[in-house]
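Containing mmCIF, C-alpha atoms (C1' of nucleotides): data12.cif.
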```cif
data_my_file
loop_
_atom_site.label_atom_id
_atom_site.label_comp_id
_atom_site.auth_asym_id
_atom_site.auth_seq_id
_atom_site.Cartn_x
_atom_site.Cartn_y
_atom_site.Cartn_z
CA MET A 25 3.70 4.44 10.37
CA PHE A 26 4.51 0.74 10.49
CA SER A 27 3.47 -1.71 7.78
CA LYS A 28 0.85 -4.31 8.68
CA ALA A 29 3.62 -6.91 8.58
CA CYS A 30 5.53 -4.90 11.16
CA GLU A 31 2.49 -4.49 13.40
CA TYR A 32 1.95 -8.24 13.42
CA GLY A 33 5.66 -8.77 13.95
CA ILE A 34 5.76 -6.54 17.02
CA LYS A 35 2.71 -8.20 18.55
CA ALA A 36 4.08 -11.66 17.82
CA THR A 37 7.54 -11.03 19.26
CA THR A 38 6.06 -9.43 22.33
CA TYR A 39 3.91 -12.49 22.92
CA ILE A 40 6.78 -14.89 22.24
CA ALA A 41 9.00 -12.92 24.61
CA LEU A 42 6.42 -13.15 27.37
CA GLN A 43 6.05 -16.92 26.94
CA SER A 44 9.77 -17.48 26.56
CA LEU A 45 10.37 -15.80 29.92
CA GLN A 46 8.20 -18.56 31.32
CA ASN A 47 10.04 -21.22 29.33
CA ARG A 48 7.13 -21.83 27.01
CA ARG A 49 7.73 -22.41 23.33
CA VAL A 50 4.68 -21.34 21.30
CA SER A 51 3.18 -22.43 18.00
CA LEU A 52 2.24 -20.27 15.04
CA LYS A 53 -1.40 -21.09 15.63
CA GLU A 54 -1.29 -19.90 19.22
CA ILE A 55 0.61 -16.73 18.32
CA ALA A 56 -1.85 -15.81 15.58
CA ALA A 57 -4.80 -16.43 17.89
CA GLU A 58 -3.39 -14.45 20.79
CA THR A 59 -2.50 -11.49 18.61
CA ASP A 60 -5.57 -11.56 16.36
CA SER A 61 -3.39 -11.86 13.27
CA PRO A 62 -3.83 -13.80 10.00
CA VAL A 63 -2.13 -17.18 10.44
CA ALA A 64 -0.37 -17.63 7.08
CA PHE A 65 0.82 -14.05 6.90
CA THR A 66 2.16 -14.25 10.43
CA ALA A 67 4.06 -17.38 9.42
CA LYS A 68 5.93 -15.42 6.76
CA ILE A 69 6.82 -12.68 9.20
CA LEU A 70 8.05 -15.10 11.85
CA GLN A 71 10.17 -16.81 9.23
CA GLN A 72 11.72 -13.48 8.38
CA LEU A 73 12.34 -12.67 12.03
CA ALA A 74 13.97 -16.07 12.51
CA LYS A 75 16.32 -15.38 9.59
CA SER A 76 17.15 -12.01 11.14
CA ASP A 77 17.95 -13.85 14.34
CA VAL A 78 15.30 -12.01 16.35
CA LEU A 79 13.76 -15.33 17.36
CA LYS A 80 14.36 -19.06 17.04
CA SER A 81 12.07 -21.50 15.23
CA ASN A 82 11.79 -25.27 15.74
CA ARG A 83 10.00 -27.69 13.47
CA GLY A 84 8.10 -30.82 14.29
CA PRO A 85 5.86 -31.78 17.18
CA TYR A 86 6.57 -29.74 20.29
CA GLY A 87 8.13 -27.26 17.91
CA GLY A 88 7.29 -23.60 17.66
CA PHE A 89 8.89 -20.24 18.27
CA GLU A 90 10.94 -18.91 21.14
CA ILE A 91 13.41 -16.24 22.14
CA PRO A 92 16.34 -17.40 24.25
CA ARG A 93 15.69 -16.09 27.78
CA ASP A 94 19.02 -14.34 28.04
CA ARG A 95 18.31 -12.39 24.84
CA VAL A 96 14.87 -11.00 25.69
CA LYS A 97 16.39 -7.99 27.43
CA SER A 98 18.82 -7.19 24.63
CA ILE A 99 16.48 -7.44 21.65
CA MET A 100 15.06 -4.02 21.03
CA LEU A 101 11.91 -2.88 19.27
CA ALA A 102 14.25 -1.26 16.77
CA ASP A 103 15.63 -4.69 15.85
CA VAL A 104 12.16 -6.03 15.11
CA VAL A 105 11.13 -2.98 13.11
CA PHE A 106 14.38 -2.94 11.17
CA ALA A 107 14.08 -6.63 10.28
CA ILE A 108 10.66 -6.04 8.73
CA ASP A 109 10.39 -2.43 7.56
CA GLY A 110 14.05 -1.52 7.20
CA ASN A 111 15.33 1.88 8.16
CA THR A 112 12.96 4.19 6.28
CA ILE A 113 11.27 5.12 9.52
CA TYR A 114 14.53 6.54 10.89
CA GLU A 115 16.11 7.82 7.74
CA GLY A 116 13.31 8.40 5.28
CA CYS A 117 12.25 11.91 4.29
CA ALA A 118 8.74 12.98 5.28
CA LEU A 119 8.08 14.12 1.71
CA GLY A 120 9.69 11.14 0.04
CA PHE A 121 12.99 12.58 -1.17
CA ASP A 122 15.65 9.95 -1.74
CA GLU A 123 18.00 12.19 0.15
CA CYS A 124 17.02 14.98 2.50
CA ASN A 125 19.42 16.69 4.84
CA ALA A 126 20.25 20.03 6.44
CA ASP A 127 22.16 20.99 3.34
CA GLN A 128 19.19 20.73 0.98
CA PRO A 129 16.13 20.03 3.13
CA CYS A 130 12.52 19.50 2.16
CA PRO A 131 10.06 22.00 3.63
CA LEU A 132 9.32 19.68 6.55
CA HIS A 133 12.83 18.48 7.28
CA ASN A 134 13.64 20.74 10.20
CA LYS A 135 10.24 20.29 11.74
CA PHE A 136 10.65 16.53 11.64
CA ILE A 137 14.21 15.79 12.67
CA GLY A 138 13.42 16.19 16.35
CA LEU A 139 10.43 13.88 16.20
CA ARG A 140 12.28 11.31 14.18
CA ASP A 141 15.17 11.27 16.60
CA GLU A 142 12.81 10.82 19.51
CA LEU A 143 11.15 7.92 17.73
CA SER A 144 14.52 6.38 17.00
CA VAL A 145 15.64 6.68 20.61
CA MET A 146 12.40 5.19 21.85
CA LEU A 147 12.64 2.17 19.54
CA LYS A 148 16.27 1.61 20.43
CA GLN A 149 15.68 1.89 24.16
CA THR A 150 12.59 -0.29 24.41
CA SER A 151 13.35 -3.99 24.78
CA LEU A 152 11.07 -6.96 24.29
CA TYR A 153 11.49 -7.51 28.02
CA ASP A 154 9.99 -4.09 28.73
CA LEU A 155 6.98 -4.86 26.55
CA ALA A 156 6.54 -8.38 27.92
CA VAL A 157 6.59 -7.20 31.54
CA GLU A 158 3.76 -4.75 30.99
CA LEU A 159 1.79 -7.35 29.12
CA LYS A 160 2.21 -9.80 31.98
CA LYS A 161 1.13 -7.19 34.49
CA GLY A 162 -2.05 -6.81 32.48
CA VAL A 163 -1.60 -3.12 31.83
CA THR A 164 -1.30 -3.57 28.07
CA TYR A 165 -3.08 -5.80 25.55
CA LEU A 166 -2.26 -7.62 22.32
CA ARG A 167 -5.88 -7.71 21.16
CA ARG A 168 -9.17 -6.08 22.07
CA MET B 22 4.22 8.28 7.61
CA PHE B 23 2.26 10.15 4.95
CA SER B 24 0.80 8.51 1.85
CA LYS B 25 2.36 9.40 -1.51
CA ALA B 26 -0.81 11.35 -2.27
CA CYS B 27 -0.27 13.40 0.87
CA GLU B 28 3.39 14.01 0.08
CA TYR B 29 2.45 15.38 -3.33
CA GLY B 30 -0.37 17.36 -1.77
CA ILE B 31 1.93 19.06 0.72
CA LYS B 32 4.48 19.94 -1.94
CA ALA B 33 1.78 21.23 -4.27
CA THR B 34 0.04 23.40 -1.69
CA THR B 35 3.36 24.82 -0.55
CA TYR B 36 4.20 25.78 -4.11
CA ILE B 37 0.74 27.22 -4.77
CA ALA B 38 0.94 29.20 -1.53
CA LEU B 39 4.28 30.69 -2.54
CA GLN B 40 2.97 31.73 -5.95
CA SER B 41 -0.33 32.98 -4.59
CA LEU B 42 1.52 35.33 -2.25
CA GLN B 43 2.94 36.86 -5.41
CA ASN B 44 -0.49 36.94 -7.05
CA ARG B 45 0.36 34.18 -9.51
CA ARG B 46 -2.19 31.54 -10.37
CA VAL B 47 -0.47 28.32 -11.42
CA SER B 48 -1.39 25.45 -13.72
CA LEU B 49 -1.37 21.76 -12.95
CA LYS B 50 1.47 21.27 -15.40
CA GLU B 51 3.64 23.83 -13.67
CA ILE B 52 2.87 22.47 -10.21
CA ALA B 53 3.72 18.91 -11.21
CA ALA B 54 6.97 20.03 -12.84
CA GLU B 55 8.07 22.18 -9.90
CA THR B 56 7.35 19.45 -7.37
CA ASP B 57 8.56 16.49 -9.43
CA SER B 58 5.17 14.81 -9.14
CA PRO B 59 3.15 12.70 -11.61
CA VAL B 60 0.80 15.04 -13.47
CA ALA B 61 -2.42 13.05 -13.56
CA PHE B 62 -2.15 11.86 -10.00
CA THR B 63 -1.44 15.38 -8.80
CA ALA B 64 -4.59 16.50 -10.64
CA LYS B 65 -6.67 14.14 -8.52
CA ILE B 66 -5.13 15.38 -5.33
CA LEU B 67 -5.62 19.03 -6.21
CA GLN B 68 -9.23 18.30 -7.04
CA GLN B 69 -9.66 16.76 -3.62
CA LEU B 70 -7.98 19.72 -1.94
CA ALA B 71 -10.25 22.10 -3.85
CA LYS B 72 -13.30 20.21 -2.60
CA SER B 73 -11.94 20.43 0.92
CA ASP B 74 -11.59 24.16 0.39
CA VAL B 75 -7.84 24.15 0.95
CA LEU B 76 -7.34 25.79 -2.43
CA LYS B 77 -9.34 27.26 -5.30
CA SER B 78 -9.37 25.93 -8.85
CA ASN B 79 -10.29 27.79 -12.04
CA ARG B 80 -10.95 26.21 -15.42
CA GLY B 81 -10.21 27.54 -18.87
CA PRO B 82 -7.34 29.54 -20.27
CA TYR B 83 -5.55 31.61 -17.61
CA GLY B 84 -7.07 29.14 -15.20
CA GLY B 85 -5.19 27.11 -12.63
CA PHE B 86 -4.89 26.82 -8.87
CA GLU B 87 -4.52 29.44 -6.18
CA ILE B 88 -4.96 30.08 -2.50
CA PRO B 89 -6.58 33.35 -1.55
CA ARG B 90 -3.80 35.54 -0.17
CA ASP B 91 -5.60 36.23 3.07
CA ARG B 92 -5.96 32.51 3.74
CA VAL B 93 -2.35 31.42 3.29
CA LYS B 94 -1.54 32.20 6.92
CA SER B 95 -4.56 30.40 8.31
CA ILE B 96 -4.36 27.16 6.35
CA MET B 97 -2.32 24.73 8.35
CA LEU B 98 -0.36 21.67 7.36
CA ALA B 99 -2.86 19.74 9.45
CA ASP B 100 -5.66 20.85 7.12
CA VAL B 101 -3.83 19.55 4.07
CA VAL B 102 -2.93 16.25 5.73
CA PHE B 103 -6.43 15.78 7.07
CA ALA B 104 -8.01 16.43 3.66
CA ILE B 105 -5.92 13.65 2.10
CA ASP B 106 -4.98 11.09 4.76
CA GLY B 107 -7.70 11.75 7.32
CA ASN B 108 -6.96 11.60 11.01
CA THR B 109 -5.23 8.24 11.33
CA ILE B 110 -1.94 9.98 11.86
CA TYR B 111 -3.29 11.69 14.98
CA GLU B 112 -5.66 9.09 16.24
CA GLY B 113 -4.53 5.81 14.77
CA CYS B 114 -2.97 3.12 16.97
CA ALA B 115 0.65 2.24 16.24
CA LEU B 116 -0.27 -1.45 16.19
CA GLY B 117 -3.45 -1.04 14.19
CA PHE B 118 -6.13 -1.43 16.87
CA ASP B 119 -9.44 0.13 15.93
CA GLU B 120 -9.49 1.65 19.35
CA CYS B 121 -6.53 2.13 21.63
CA ASN B 122 -6.56 4.28 24.72
CA ALA B 123 -5.20 4.56 28.24
CA ASP B 124 -7.94 2.24 29.44
CA GLN B 125 -6.93 -0.69 27.27
CA PRO B 126 -3.70 0.28 25.53
CA CYS B 127 -1.56 -1.63 23.05
CA PRO B 128 2.01 -2.33 24.19
CA LEU B 129 3.26 0.79 22.40
CA HIS B 130 0.48 3.18 23.33
CA ASN B 131 2.15 4.97 26.19
CA LYS B 132 5.43 5.20 24.37
CA PHE B 133 3.72 6.82 21.41
CA ILE B 134 1.22 9.29 22.81
CA GLY B 135 3.89 11.90 23.47
CA LEU B 136 5.31 11.64 20.00
CA ARG B 137 1.90 11.69 18.40
CA ASP B 138 0.88 14.78 20.31
CA GLU B 139 4.05 16.55 19.28
CA LEU B 140 3.37 15.67 15.69
CA SER B 141 -0.19 16.89 16.00
CA VAL B 142 0.91 20.20 17.51
CA MET B 143 3.52 20.70 14.83
CA LEU B 144 1.05 20.09 12.01
CA LYS B 145 -1.51 22.38 13.58
CA GLN B 146 0.95 25.18 14.19
CA THR B 147 2.69 25.16 10.84
CA SER B 148 0.92 27.28 8.20
CA LEU B 149 1.37 27.25 4.46
CA TYR B 150 2.74 30.75 4.92
CA ASP B 151 5.53 29.41 7.14
CA LEU B 152 6.46 26.82 4.54
CA ALA B 153 6.22 29.25 1.60
CA VAL B 154 8.46 31.80 3.29
CA GLU B 155 11.28 29.33 3.79
CA LEU B 156 10.90 28.11 0.25
CA LYS B 157 11.13 31.67 -1.05
CA LYS B 158 14.23 32.33 1.05
CA GLY B 159 15.81 29.35 -0.66
CA VAL B 160 16.48 27.45 2.55
CA THR B 161 14.15 24.57 1.62
CA TYR B 162 13.44 22.76 -1.64
CA LEU B 163 10.49 21.09 -3.35
CA ARG B 164 12.67 18.82 -5.47
CA ARG B 165 16.29 17.73 -5.63
"C1'" DT C 16 -19.23 31.83 -32.84
"C1'" DT C 17 -15.12 29.32 -32.85
"C1'" DC C 18 -11.10 27.70 -30.79
"C1'" DA C 19 -7.42 26.67 -27.71
"C1'" DT C 20 -6.70 26.02 -22.89
"C1'" DT C 21 -7.51 24.24 -18.55
"C1'" DT C 22 -9.71 21.59 -14.84
"C1'" DC C 23 -13.28 17.75 -13.91
"C1'" DG C 24 -14.71 13.12 -13.42
"C1'" DG C 25 -15.08 8.50 -14.47
"C1'" DA C 26 -12.83 4.32 -16.11
"C1'" DT C 27 -8.89 1.73 -16.38
"C1'" DA C 28 -4.11 0.05 -15.64
"C1'" DT C 29 -0.03 -0.82 -12.81
"C1'" DT C 30 2.44 -1.61 -8.67
"C1'" DT C 31 2.85 -2.66 -3.98
"C1'" DT C 32 1.22 -4.67 0.10
"C1'" DA C 33 -1.44 -8.00 2.38
"C1'" DA C 34 -2.94 -12.53 2.66
"C1'" DT C 35 -3.72 -17.41 1.33
"C1'" DC C 36 -2.65 -22.13 -0.35
"C1'" DC C 37 -0.28 -26.25 -0.47
"C1'" DG C 38 3.27 -29.62 -0.93
"C1'" DA C 39 7.99 -30.36 1.11
"C1'" DA C 40 11.05 -30.95 4.88
"C1'" DA C 41 12.07 -31.63 9.69
"C1'" DT C 42 11.20 -33.76 14.04
"C1'" DG C 43 9.66 -36.28 18.02
"C1'" DA C 44 6.85 -40.07 19.75
"C1'" DA C 45 4.62 -44.42 19.46
"C1'" DT D 24 9.37 -47.53 10.73
"C1'" DT D 25 5.28 -45.01 10.69
"C1'" DC D 26 2.64 -41.15 11.72
"C1'" DA D 27 1.02 -36.80 13.32
"C1'" DT D 28 2.72 -32.27 14.04
"C1'" DT D 29 4.98 -28.23 12.95
"C1'" DT D 30 7.68 -24.86 10.31
"C1'" DC D 31 9.58 -23.81 5.46
"C1'" DG D 32 9.32 -21.99 0.92
"C1'" DG D 33 7.47 -21.12 -3.37
"C1'" DA D 34 3.33 -19.94 -6.06
"C1'" DT D 35 -0.76 -17.76 -6.24
"C1'" DT D 36 -4.64 -14.55 -5.13
"C1'" DA D 37 -6.83 -10.37 -3.22
"C1'" DA D 38 -6.98 -5.77 -1.92
"C1'" DA D 39 -5.29 -1.25 -1.62
"C1'" DA D 40 -2.49 2.43 -3.22
"C1'" DT D 41 -0.47 4.64 -7.00
"C1'" DA D 42 -0.80 6.28 -11.55
"C1'" DT D 43 -2.63 6.94 -16.30
"C1'" DC D 44 -6.07 7.90 -20.01
"C1'" DC D 45 -9.53 10.31 -22.21
"C1'" DG D 46 -13.77 12.58 -23.24
"C1'" DA D 47 -16.66 16.27 -21.05
"C1'" DA D 48 -17.34 20.77 -19.22
"C1'" DA D 49 -15.94 25.42 -18.35
"C1'" DT D 50 -13.88 29.64 -19.80
"C1'" DG D 51 -11.52 33.48 -21.91
"C1'" DA D 52 -9.86 35.51 -26.25
"C1'" DA D 53 -9.93 36.21 -31.12
#
```

Would you mind writing the structure in this file as C-alpha cells?
Amino acid sequence: MFSKACEYGIKATTYIALQSLQNRRVSLKEIAAETDSPVAFTAKILQQLAKSDVLKSNRGPYGGFEIPRDRVKSIMLADVVFAIDGNTIYEGCALGFDECNADQPCPLHNKFIGLRDELSVMLKQTSLYDLAVELKKGVTYLRR
Amino acid sequence: MFSKACEYGIKATTYIALQSLQNRRVSLKEIAAETDSPVAFTAKILQQLAKSDVLKSNRGPYGGFEIPRDRVKSIMLADVVFAIDGNTIYEGCALGFDECNADQPCPLHNKFIGLRDELSVMLKQTSLYDLAVELKKGVTYLRR
DNA sequence: TTCATTTCGGATATTTTAATCCGAAATGAA
DNA sequence: TTCATTTCGGATTAAAATATCCGAAATGAA
C-alpha cells in the first residue's frame, strides 16, 4: 500500500504534530525513537517533507522539526502521502497499466474505482490534527 | 497495492480462464504476449500458481496451461492474490506494524478497516469466470 | 527411437527500495 | 571566538523485488 518511506513519514509527522501542538520542537533522534524508525532513513524523509513544506526544520542546538500550530489542522494525510509516494495510490491502475479508465479499463478497474475514491476521500479528509488528538488520548500508538 | 508478480498473475489467470472456457490450452508464450508481460518472469508465476492448484500445467508439445472448466467459477481473485502476495493485503497494517488491532491500533487502523474489509469481500466474491466474461464481451482489456 | 516442443527448476543479473555513513553547513550558547 | 549540537546533502551499501538465462525433464508425433 504505502512505501516504507511513507509509513515512516506518516508516523513522524503525526508525532511532530502532537508535539508541535504543545509547542515542543523535536529532534530527529527523538522522532526515530518514538516511532521505532531507522534514524538515517527518517532523516531523508523529514528532509523531503520539509522541502514539500509539510513541516519546518531548524538546524543547530535547540533545533529540530516542527509544524506551525496554525497549520496542523490544514495539513492532510494526503499531503504527506503525496509528498513521499506521489499520486499512484489515487490514480494508479490496480494491474499496472499506464492509463486505465472507463473507456478502456483493465479487468479490475470497475471493481476498484469505488475503493480508490473512498481511500482518496479518507486521506484528504484526515488531518494531522485528527491523528495527533487520538494519539494524545492514548487510543492509538506509534509503536508496539 | 499488488506486487508486479501479482499483477501479471491476475492477467495471466484471467486470460487462461477465458481460453479454458473455450477448451483451449494456452502456452506461456501466448499468455505473455496477450498480457504484455515478461515471458520468463511470467513462467515463474505460473509455476507458482500451478503449485497452489490455481491452474494446471502440461509439458511437451500441445502442452501449456489451463484451468479445468468446472473450476473457473469457483476460483476467486482472492485465491490468485493469496497464492502470490499472501495475506498482507487483508491482514497487514497500513503503517507496517507486525500486529495491529482494535486493542492497540496504529493511527490509521480505524480509518482503514472498512476499506480493507471491502477489498477483501471484493476479492473473495469475484471469480475468474466473472473476469473472463467481461474480457470476452470486450468491455475490459488485458493490455493497451 | 528420434526429435521438436513445452514446462521445470536452479542460478544469475538487474533494478528499485531501504538504509547507512560521513563530512559540510548552520546555529545557539558559553 | 570556540565548541557542541543539529540538520543537510551526497555517496555508498544492503536487501528485496523484478527479470533473465539455460540446461534438464516431460511428452507427443513422426

What are the closest atom pairs, with distances in Å to one decimal, for all residues of stretch 56-118 of chain A lying within 10 Å of stretch 29-40 of chain D? Consider only C-alpha atoms (C1' of nucleotides), order rows by chain and residue number, and present the result as JSON lines.
```
{"residue": "A:Ala67", "atom": "CA", "partner": "D:DT30", "partner_atom": "C1'", "distance": 8.4}
{"residue": "A:Lys68", "atom": "CA", "partner": "D:DC31", "partner_atom": "C1'", "distance": 9.2}
{"residue": "A:Leu70", "atom": "CA", "partner": "D:DT30", "partner_atom": "C1'", "distance": 9.9}
{"residue": "A:Gln71", "atom": "CA", "partner": "D:DC31", "partner_atom": "C1'", "distance": 8.0}
{"residue": "A:Ser81", "atom": "CA", "partner": "D:DT30", "partner_atom": "C1'", "distance": 7.4}
{"residue": "A:Asn82", "atom": "CA", "partner": "D:DT30", "partner_atom": "C1'", "distance": 6.8}
{"residue": "A:Arg83", "atom": "CA", "partner": "D:DT30", "partner_atom": "C1'", "distance": 4.8}
{"residue": "A:Gly84", "atom": "CA", "partner": "D:DT29", "partner_atom": "C1'", "distance": 4.3}
{"residue": "A:Pro85", "atom": "CA", "partner": "D:DT29", "partner_atom": "C1'", "distance": 5.6}
{"residue": "A:Tyr86", "atom": "CA", "partner": "D:DT29", "partner_atom": "C1'", "distance": 7.7}
{"residue": "A:Gly87", "atom": "CA", "partner": "D:DT29", "partner_atom": "C1'", "distance": 6.0}
{"residue": "A:Gly88", "atom": "CA", "partner": "D:DT29", "partner_atom": "C1'", "distance": 7.0}
{"residue": "A:Phe89", "atom": "CA", "partner": "D:DT30", "partner_atom": "C1'", "distance": 9.3}
```

Moved chain B, fitted on chain A by every C-alpha in sequence order, as a short mmCIF file (atom, residue, chain, number, x, y, z; two decimals) with C-alpha atoms, in the coordinates of the input:
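Output (part-v8.cif):
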```
data_model
loop_
_atom_site.label_atom_id
_atom_site.label_comp_id
_atom_site.auth_asym_id
_atom_site.auth_seq_id
_atom_site.Cartn_x
_atom_site.Cartn_y
_atom_site.Cartn_z
CA MET B 22 3.66 4.51 10.48
CA PHE B 23 4.48 0.80 10.54
CA SER B 24 3.43 -1.65 7.83
CA LYS B 25 0.81 -4.25 8.74
CA ALA B 26 3.59 -6.84 8.61
CA CYS B 27 5.52 -4.86 11.20
CA GLU B 28 2.48 -4.44 13.43
CA TYR B 29 1.95 -8.20 13.45
CA GLY B 30 5.66 -8.73 13.96
CA ILE B 31 5.76 -6.51 17.04
CA LYS B 32 2.72 -8.17 18.58
CA ALA B 33 4.09 -11.63 17.84
CA THR B 34 7.55 -11.00 19.25
CA THR B 35 6.06 -9.42 22.36
CA TYR B 36 3.92 -12.49 22.92
CA ILE B 37 6.79 -14.89 22.23
CA ALA B 38 9.01 -12.92 24.60
CA LEU B 39 6.43 -13.16 27.37
CA GLN B 40 6.07 -16.92 26.93
CA SER B 41 9.78 -17.49 26.54
CA LEU B 42 10.39 -15.83 29.90
CA GLN B 43 8.21 -18.58 31.31
CA ASN B 44 10.06 -21.24 29.31
CA ARG B 45 7.14 -21.85 26.97
CA ARG B 46 7.74 -22.41 23.29
CA VAL B 47 4.70 -21.34 21.27
CA SER B 48 3.20 -22.42 17.96
CA LEU B 49 2.26 -20.25 15.02
CA LYS B 50 -1.39 -21.07 15.60
CA GLU B 51 -1.27 -19.88 19.19
CA ILE B 52 0.62 -16.71 18.31
CA ALA B 53 -1.83 -15.77 15.57
CA ALA B 54 -4.80 -16.42 17.86
CA GLU B 55 -3.37 -14.44 20.78
CA THR B 56 -2.48 -11.47 18.61
CA ASP B 57 -5.55 -11.53 16.36
CA SER B 58 -3.36 -11.83 13.27
CA PRO B 59 -3.82 -13.76 10.00
CA VAL B 60 -2.11 -17.14 10.41
CA ALA B 61 -0.37 -17.56 7.07
CA PHE B 62 0.83 -14.00 6.89
CA THR B 63 2.16 -14.19 10.43
CA ALA B 64 4.07 -17.33 9.41
CA LYS B 65 5.93 -15.34 6.76
CA ILE B 66 6.82 -12.63 9.20
CA LEU B 67 8.06 -15.04 11.84
CA GLN B 68 10.18 -16.75 9.22
CA GLN B 69 11.72 -13.41 8.36
CA LEU B 70 12.34 -12.61 12.02
CA ALA B 71 13.98 -16.01 12.49
CA LYS B 72 16.32 -15.30 9.58
CA SER B 73 17.15 -11.95 11.13
CA ASP B 74 17.95 -13.80 14.33
CA VAL B 75 15.31 -11.97 16.35
CA LEU B 76 13.77 -15.28 17.34
CA LYS B 77 14.38 -19.01 17.00
CA SER B 78 12.09 -21.45 15.20
CA ASN B 79 11.84 -25.21 15.69
CA ARG B 80 10.04 -27.63 13.38
CA GLY B 81 8.17 -30.79 14.22
CA PRO B 82 5.93 -31.74 17.10
CA TYR B 83 6.65 -29.71 20.26
CA GLY B 84 8.19 -27.24 17.87
CA GLY B 85 7.32 -23.57 17.61
CA PHE B 86 8.92 -20.20 18.24
CA GLU B 87 10.95 -18.89 21.13
CA ILE B 88 13.42 -16.24 22.14
CA PRO B 89 16.35 -17.38 24.23
CA ARG B 90 15.68 -16.11 27.75
CA ASP B 91 19.00 -14.34 28.02
CA ARG B 92 18.29 -12.38 24.84
CA VAL B 93 14.85 -11.00 25.69
CA LYS B 94 16.37 -7.99 27.45
CA SER B 95 18.79 -7.19 24.66
CA ILE B 96 16.46 -7.42 21.67
CA MET B 97 15.03 -4.01 21.06
CA LEU B 98 11.90 -2.87 19.31
CA ALA B 99 14.23 -1.24 16.81
CA ASP B 100 15.61 -4.66 15.86
CA VAL B 101 12.15 -6.01 15.13
CA VAL B 102 11.12 -2.94 13.14
CA PHE B 103 14.36 -2.90 11.21
CA ALA B 104 14.07 -6.59 10.30
CA ILE B 105 10.64 -5.99 8.75
CA ASP B 106 10.36 -2.37 7.59
CA GLY B 107 14.03 -1.49 7.23
CA ASN B 108 15.30 1.92 8.18
CA THR B 109 12.91 4.20 6.31
CA ILE B 110 11.25 5.12 9.56
CA TYR B 111 14.52 6.54 10.89
CA GLU B 112 16.08 7.80 7.74
CA GLY B 113 13.27 8.33 5.29
CA CYS B 114 12.22 11.84 4.25
CA ALA B 115 8.71 12.91 5.22
CA LEU B 116 8.08 14.05 1.65
CA GLY B 117 9.67 11.05 -0.01
CA PHE B 118 13.00 12.48 -1.20
CA ASP B 119 15.65 9.84 -1.77
CA GLU B 120 17.99 12.06 0.13
CA CYS B 121 17.04 14.85 2.48
CA ASN B 122 19.42 16.54 4.85
CA ALA B 123 20.28 19.86 6.45
CA ASP B 124 22.20 20.82 3.33
CA GLN B 125 19.24 20.58 0.98
CA PRO B 126 16.18 19.90 3.11
CA CYS B 127 12.55 19.39 2.14
CA PRO B 128 10.11 21.93 3.59
CA LEU B 129 9.33 19.60 6.51
CA HIS B 130 12.83 18.39 7.27
CA ASN B 131 13.65 20.65 10.16
CA LYS B 132 10.24 20.23 11.69
CA PHE B 133 10.63 16.46 11.61
CA ILE B 134 14.18 15.71 12.67
CA GLY B 135 13.38 16.16 16.35
CA LEU B 136 10.40 13.88 16.20
CA ARG B 137 12.24 11.28 14.19
CA ASP B 138 15.13 11.24 16.62
CA GLU B 139 12.77 10.81 19.53
CA LEU B 140 11.13 7.92 17.77
CA SER B 141 14.50 6.38 17.03
CA VAL B 142 15.61 6.68 20.65
CA MET B 143 12.38 5.19 21.90
CA LEU B 144 12.63 2.18 19.59
CA LYS B 145 16.25 1.62 20.49
CA GLN B 146 15.66 1.88 24.21
CA THR B 147 12.57 -0.28 24.45
CA SER B 148 13.35 -4.00 24.82
CA LEU B 149 11.06 -6.96 24.32
CA TYR B 150 11.49 -7.51 28.04
CA ASP B 151 9.98 -4.09 28.77
CA LEU B 152 6.99 -4.86 26.58
CA ALA B 153 6.53 -8.40 27.94
CA VAL B 154 6.58 -7.22 31.54
CA GLU B 155 3.75 -4.77 31.01
CA LEU B 156 1.79 -7.36 29.12
CA LYS B 157 2.22 -9.83 31.98
CA LYS B 158 1.12 -7.22 34.52
CA GLY B 159 -2.06 -6.85 32.50
CA VAL B 160 -1.61 -3.14 31.86
CA THR B 161 -1.31 -3.58 28.08
CA TYR B 162 -3.09 -5.82 25.58
CA LEU B 163 -2.27 -7.64 22.35
CA ARG B 164 -5.87 -7.68 21.16
CA ARG B 165 -9.16 -6.05 22.07
#
```

**OP:** Please write as a ChimeraX atom specification the full residue list that the PyMOL selection byres ((chain A and resi 38) around 9) yields on this file.
**Re:** /A:33-37,39-43,152-153,155-156,159,166 /B:128

Subject >> Atomic separation - atom CA of A:Phe26 relative to atom CA of B:Ala99, Å >> reply: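 Distance reported for this atom pair: 20.4 Å.
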
**OP:** Write out as a list in words the residues lying within 12 Å of A:Ile137, counting only C-alpha atoms (C1' of nucleotides) and excluding same-chain residues fewer than 6 positions away.
**Re:**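 Residues meeting the cut-off are Ile113, Tyr114, Glu115, Gly116, Cys117, Ala118, Cys124, Asn125, Ala126, Pro129, Cys130, Pro131, Leu143 and Ser144 of chain A; Leu140 and Met143 of chain B.
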
Keeping only C-alpha atoms, write the selected residues as a PDB file, in the coordinates of the input.
```pdb
ATOM      1  CA  ILE A 113      11.270   5.120   9.520  1.00  0.00           C
ATOM      2  CA  TYR A 114      14.530   6.540  10.890  1.00  0.00           C
ATOM      3  CA  GLU A 115      16.110   7.820   7.740  1.00  0.00           C
ATOM      4  CA  GLY A 116      13.310   8.400   5.280  1.00  0.00           C
ATOM      5  CA  CYS A 117      12.250  11.910   4.290  1.00  0.00           C
ATOM      6  CA  ALA A 118       8.740  12.980   5.280  1.00  0.00           C
ATOM      7  CA  CYS A 124      17.020  14.980   2.500  1.00  0.00           C
ATOM      8  CA  ASN A 125      19.420  16.690   4.840  1.00  0.00           C
ATOM      9  CA  ALA A 126      20.250  20.030   6.440  1.00  0.00           C
ATOM     10  CA  PRO A 129      16.130  20.030   3.130  1.00  0.00           C
ATOM     11  CA  CYS A 130      12.520  19.500   2.160  1.00  0.00           C
ATOM     12  CA  PRO A 131      10.060  22.000   3.630  1.00  0.00           C
ATOM     13  CA  LEU A 143      11.150   7.920  17.730  1.00  0.00           C
ATOM     14  CA  SER A 144      14.520   6.380  17.000  1.00  0.00           C
TER      15      SER A 144
ATOM     16  CA  LEU B 140       3.370  15.670  15.690  1.00  0.00           C
ATOM     17  CA  MET B 143       3.520  20.700  14.830  1.00  0.00           C
TER      18      MET B 143
END
```

Original post:
Looking at B:Gln69, B:Thr109, B:Ser41, B:Ser58, which one is nearest to chain C, with distances taken over only C-alpha atoms (C1' of nucleotides)?
Top reply: B:Gln69

**OP:** Kindly provide, as a list in words, the residues of chain D having any atom no farther than 6 Å from an atom of chain B, counting all atoms listed in the file.
**Re:**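 Written out as asked, the residues are DA42, DA49, DT50 and DG51 of chain D.
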